[in-house]
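File shown: coords.tsv (TSV, C-alpha atoms).
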chain	number	residue	atom	x	y	z
P	1	MET	CA	40.39	29.71	-12.91
P	2	ALA	CA	37.87	30.30	-15.69
P	3	ARG	CA	38.39	26.74	-16.97
P	4	LEU	CA	37.79	25.34	-13.51
P	5	MET	CA	34.53	27.27	-13.24
P	6	LEU	CA	33.48	26.08	-16.71
P	7	LEU	CA	34.21	22.44	-15.83
P	8	PHE	CA	32.28	22.81	-12.59
P	9	ALA	CA	29.32	24.31	-14.45
P	10	LEU	CA	29.36	21.57	-17.10
P	11	PHE	CA	29.75	18.52	-14.86
P	12	ALA	CA	29.06	19.18	-11.19
P	13	LEU	CA	26.02	21.44	-11.36
P	14	PRO	CA	23.83	19.06	-13.45
P	15	ALA	CA	24.69	16.20	-11.09
P	16	ILE	CA	23.77	18.26	-8.03
P	17	VAL	CA	20.51	19.45	-9.57
P	18	SER	CA	19.41	15.96	-10.67
P	19	ALA	CA	20.24	14.49	-7.24
P	20	ALA	CA	18.14	17.14	-5.50
P	21	ARG	CA	15.09	16.55	-7.67
P	22	PRO	CA	12.54	13.85	-6.77
P	23	ALA	CA	12.09	10.87	-9.06
P	24	ARG	CA	10.49	11.71	-12.38
P	25	ASN	CA	8.23	8.68	-12.28
P	26	PRO	CA	6.94	8.23	-8.75
P	27	PHE	CA	5.63	4.88	-7.57
P	28	GLU	CA	1.85	4.68	-7.64
P	29	VAL	CA	0.59	2.44	-4.83
P	30	GLU	CA	-3.00	1.29	-5.27
P	31	GLY	CA	-5.24	-0.99	-3.24
P	32	ARG	CA	-8.69	-1.45	-1.73
P	33	VAL	CA	-10.11	-1.55	1.78
P	34	PHE	CA	-13.08	-3.79	2.54
P	35	CYS	CA	-15.47	-4.63	5.33
P	36	ASP	CA	-15.57	-8.36	6.05
P	37	THR	CA	-19.33	-8.48	6.59
P	38	CYS	CA	-19.35	-12.28	7.05
P	39	GLN	CA	-16.37	-12.43	9.44
P	40	ALA	CA	-14.84	-14.96	7.04
P	41	GLY	CA	-11.29	-13.57	7.04
P	42	PHE	CA	-11.36	-13.01	3.28
P	43	GLU	CA	-13.39	-11.25	0.60
P	44	THR	CA	-16.74	-12.84	-0.27
P	45	PRO	CA	-19.62	-11.83	-2.54
P	46	LYS	CA	-21.15	-10.06	0.48
P	47	THR	CA	-18.03	-7.95	1.09
P	48	THR	CA	-18.50	-4.19	0.95
P	49	TYR	CA	-15.78	-1.63	0.29
P	50	ILE	CA	-15.17	1.26	2.66
P	51	ALA	CA	-15.13	4.87	1.49
P	52	GLY	CA	-13.15	7.25	3.68
P	53	ALA	CA	-10.91	4.62	5.29
P	54	LYS	CA	-7.41	5.77	6.20
P	55	VAL	CA	-4.42	3.80	4.94
P	56	ARG	CA	-0.70	4.27	5.62
P	57	VAL	CA	2.46	3.10	3.86
P	58	GLU	CA	5.43	2.65	6.17
P	59	CYS	CA	8.97	1.70	5.24
P	60	LYS	CA	11.45	0.37	7.78
P	61	ASP	CA	15.17	-0.23	7.65
P	62	ARG	CA	15.69	-3.96	7.11
P	63	LYS	CA	18.43	-4.27	9.76
P	64	THR	CA	17.34	-1.92	12.55
P	65	MET	CA	13.57	-1.99	11.85
P	66	GLU	CA	13.54	1.79	12.39
P	67	LEU	CA	10.74	3.68	10.64
P	68	VAL	CA	12.28	5.72	7.81
P	69	TYR	CA	9.20	6.70	5.75
P	70	SER	CA	5.47	7.11	6.31
P	71	LYS	CA	2.63	8.45	4.16
P	72	GLU	CA	-1.16	8.32	4.52
P	73	ALA	CA	-4.04	8.25	2.06
P	74	THR	CA	-7.84	7.99	2.17
P	75	THR	CA	-10.04	5.68	0.13
P	76	ASP	CA	-12.47	7.03	-2.45
P	77	SER	CA	-16.15	6.10	-2.90
P	78	THR	CA	-15.17	2.64	-4.26
P	79	GLY	CA	-12.90	1.85	-1.31
P	80	THR	CA	-9.80	2.36	-3.48
P	81	TYR	CA	-6.77	4.37	-2.43
P	82	LYS	CA	-3.92	5.67	-4.53
P	83	MET	CA	-0.78	7.34	-3.30
P	84	TYR	CA	2.33	8.54	-5.06
P	85	ILE	CA	5.74	7.92	-3.53
P	86	ASN	CA	8.72	9.73	-5.05
P	87	GLU	CA	11.51	7.96	-3.22
P	88	ASP	CA	13.04	4.58	-4.14
P	89	HIS	CA	13.11	2.50	-0.95
P	90	GLN	CA	15.60	-0.08	-2.29
P	91	ASP	CA	16.30	-2.58	0.51
P	92	GLN	CA	13.67	-1.32	2.97
P	93	LEU	CA	10.61	-3.26	4.11
P	94	CYS	CA	7.50	-1.34	3.06
P	95	ASP	CA	3.95	-2.22	4.11
P	96	ALA	CA	0.57	-0.70	3.40
P	97	MET	CA	-1.69	-0.92	6.45
P	98	VAL	CA	-5.18	0.08	7.49
P	99	VAL	CA	-5.36	2.89	10.03
P	100	SER	CA	-9.03	3.65	10.60
P	101	SER	CA	-12.52	3.04	9.25
P	102	PRO	CA	-15.35	5.58	9.27
P	103	GLN	CA	-17.92	2.77	9.62
P	104	LEU	CA	-18.75	2.26	13.30
P	105	SER	CA	-20.05	-1.27	12.69
P	106	CYS	CA	-16.85	-2.22	10.86
P	107	LYS	CA	-13.92	-0.62	12.64
P	108	ASN	CA	-11.76	-3.51	13.91
P	109	PRO	CA	-8.83	-4.41	11.62
P	110	SER	CA	-9.18	-7.94	10.25
P	111	SER	CA	-6.43	-10.14	11.66
P	112	GLY	CA	-4.03	-11.18	8.89
P	113	ARG	CA	-5.68	-8.83	6.38
P	114	ASP	CA	-4.72	-5.53	8.03
P	115	ARG	CA	-1.47	-5.02	6.07
P	116	ALA	CA	0.12	-5.81	2.72
P	117	ARG	CA	3.77	-5.81	1.63
P	118	VAL	CA	4.62	-3.33	-1.15
P	119	ILE	CA	7.88	-3.35	-3.15
P	120	LEU	CA	9.03	0.25	-3.71
P	121	THR	CA	12.20	-0.03	-5.75
P	122	ASN	CA	13.11	0.00	-9.42
P	123	TYR	CA	15.91	-2.51	-8.84
P	124	ASN	CA	13.80	-5.67	-8.90
P	125	GLY	CA	12.84	-6.35	-12.51
P	126	ILE	CA	9.35	-4.80	-12.35
P	127	ALA	CA	8.98	-2.62	-15.43
P	128	SER	CA	6.06	-0.51	-14.22
P	129	ASN	CA	6.02	2.08	-11.44
P	130	LYS	CA	2.50	1.00	-10.53
P	131	ARG	CA	2.32	-1.19	-7.42
P	132	PHE	CA	-0.83	-3.05	-6.38
P	133	ALA	CA	-1.22	-3.90	-2.71
P	134	ASN	CA	-3.42	-6.82	-1.65
P	135	ALA	CA	-6.84	-5.81	-0.39
P	136	MET	CA	-6.93	-5.04	3.31
P	137	GLY	CA	-9.92	-5.06	5.58
P	138	PHE	CA	-11.85	-4.45	8.73
P	139	GLU	CA	-14.14	-6.99	10.36
P	140	ALA	CA	-17.82	-6.33	11.01
P	141	GLU	CA	-18.96	-6.59	14.62
P	142	GLU	CA	-21.76	-8.95	13.58
P	143	ALA	CA	-22.04	-11.19	10.53
P	144	MET	CA	-24.74	-10.06	8.15
P	145	SER	CA	-27.68	-12.30	7.31
P	146	GLY	CA	-27.07	-14.92	4.65
P	147	CYS	CA	-23.40	-15.42	5.56
P	148	THR	CA	-23.94	-18.86	7.07
P	149	GLU	CA	-25.31	-20.19	3.77
P	150	LEU	CA	-22.55	-18.48	1.81
P	151	LEU	CA	-19.78	-19.95	3.97
P	152	ARG	CA	-21.44	-23.38	3.80
P	153	GLN	CA	-21.08	-23.23	0.00
P	154	TYR	CA	-17.32	-22.72	0.41
P	155	GLN	CA	-17.15	-25.81	2.63
P	156	GLU	CA	-18.96	-27.93	0.03
P	157	TYR	CA	-16.17	-27.28	-2.49
P	158	GLU	CA	-13.45	-27.97	0.06
P	159	ASP	CA	-13.78	-31.79	-0.06
Could you write out this file's structure as C-alpha cells?
Amino acid sequence: MARLMLLFALFALPAIVSAARPARNPFEVEGRVFCDTCQAGFETPKTTYIAGAKVRVECKDRKTMELVYSKEATTDSTGTYKMYINEDHQDQLCDAMVVSSPQLSCKNPSSGRDRARVILTNYNGIASNKRFANAMGFEAEEAMSGCTELLRQYQEYED
C-alpha cells in the first residue's frame, strides 16, 4: 500500500497540479481603437485614437458557434488596449471587437472595421505569445474639415 501511495505521489499529483494551473505564458492581445474622422472606412492621417473605449475578445466553438469565452478591456490614453488570456483556444474562432466609445461624436462602430480575428493557440507555428489585432474603429457622425482634400489625394494615386 505504501508503494502505491508513493507512486501516486510521484506521478499523479504533479500531473493534476500542472493541469489545474493556468498557462505560464498567457497570450497578450494588443490592438488600437480609432475614430474614423473622415468617414473613409480606414485609418487616415486625420484619424484620432480613442481613450476609454471598451473592447471584447470572444471565442466561439467552430462547429456550434456557441460562445465559450469572453473578456473585456479598456483602451489607454493612446487608444491601445492590452489583455492577457491564460487559456489556449486551439480550434476556436476568436475575435476582438469594439463594444463602446466614450466619444459622443464618434460612437457608431465602423462597418467592416468593428472586429478583428485573433489566433489564440500555441499550435500554429507562431513562436511568440504576443498577438496583434488589426485596428478597429468607430465612425464620426460628421466628417471633419479637410477630409475631402485628403480623400481626393487617395483617388489621384488610384489611377
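Using all atoms listed in the file for every distance, the candidate list P:Cys35, P:Cys94, P:Val118, P:Ile85 yields P:Cys94 as the residue closest to Arg62 (chain P).
Closest approach to Phe132 (chain P) among P:Thr47, P:Thr64, P:Thr80, P:Thr74 is made by P:Thr80 (distances from all atoms listed in the file).
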Problem - Spatial neighbours of region 151-157 of chain P, 12 Å, only C-alpha atoms, chain gap at least 5 places, as a ChimeraX atom specification - result: /P:37-46,143-146
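Straight-line separation from CA of Tyr123 (chain P) to CA of Val98 (chain P): 26.8 Å.
Taking CA of Phe27 (chain P) as the reference point, CA of Pro109 (chain P) is found at 25.8 Å.
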Practice task
Rank P:Lys54, P:Lys82, P:Lys63, P:Arg115 by their smallest atom-to-atom distance to Ser101 (chain P), using all atoms listed in the file, and report the top residue only.
Solution key: P:Lys54
Enclose the full set of atoms of region 60-79 of chain P listed in the file within a box whose edges lie along x, y and z, apply 6 Å of padding to each of the six sides, and report centre and edge lengths in Å to one decimal as AutoDock Vina command-line options.
--center_x 1.1 --center_y 2.1 --center_z 4.1 --size_x 46.6 --size_y 24.7 --size_z 28.8
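Using all atoms listed in the file, the protein and nucleic acid residues lying no more than 10 Å from Val57 (chain P), apart from those fewer than 3 places from it along its own chain, are Val29, Tyr69, Ser70, Lys71, Glu72, Ala73, Met83, Ile85, Cys94, Asp95, Ala96, Met97, Val98, Val99, Arg115, Ala116, Arg117 and Val118 of chain P.
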Pick out the residues sitting within 6 Å of Gly137 (chain P), and hand them over as an mmCIF file with C-alpha atoms, keeping the file's coordinate frame; count only C-alpha atoms, and ignore anything fewer than 2 positions along from it in its own chain.
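Output file around_12.cif is given in full below:
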data_model
loop_
_atom_site.group_PDB
_atom_site.id
_atom_site.type_symbol
_atom_site.label_atom_id
_atom_site.label_comp_id
_atom_site.auth_asym_id
_atom_site.auth_seq_id
_atom_site.Cartn_x
_atom_site.Cartn_y
_atom_site.Cartn_z
ATOM 1 C CA VAL P 33 -10.110 -1.550 1.780
ATOM 2 C CA PHE P 34 -13.080 -3.790 2.540
ATOM 3 C CA CYS P 35 -15.470 -4.630 5.330
ATOM 4 C CA SER P 110 -9.180 -7.940 10.250
ATOM 5 C CA ARG P 113 -5.680 -8.830 6.380
ATOM 6 C CA ASP P 114 -4.720 -5.530 8.030
#
Problem - Atom-to-atom span, CA of Thr78 (chain P) and CA of Leu120 (chain P), Å - result: 24.3 Å
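Nearest to Ser111 (chain P) of all the residues P:Val68, P:Val55, P:Leu150, P:Met136 is P:Met136, counting only C-alpha atoms.
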Practice task
Write out as a PyMOL selection string each polymer residue whose atoms come within 8 Å of Glu141 (chain P), counting only C-alpha atoms; drop sequence neighbours fewer than 2 positions from it.
Solution key: chain P and resi 105-106+108+139+143
Handout entry: Selected residue of minimal separation from Lys60 (chain P) among P:Glu142, P:Asp91, P:Glu28, P:Glu149, counting all atoms listed in the file
Key = P:Asp91
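Among the candidates P:Ile50, P:Ala140, P:Glu87, P:Ser100, the one nearest to Asn122 (chain P) when counting only C-alpha atoms is P:Glu87.
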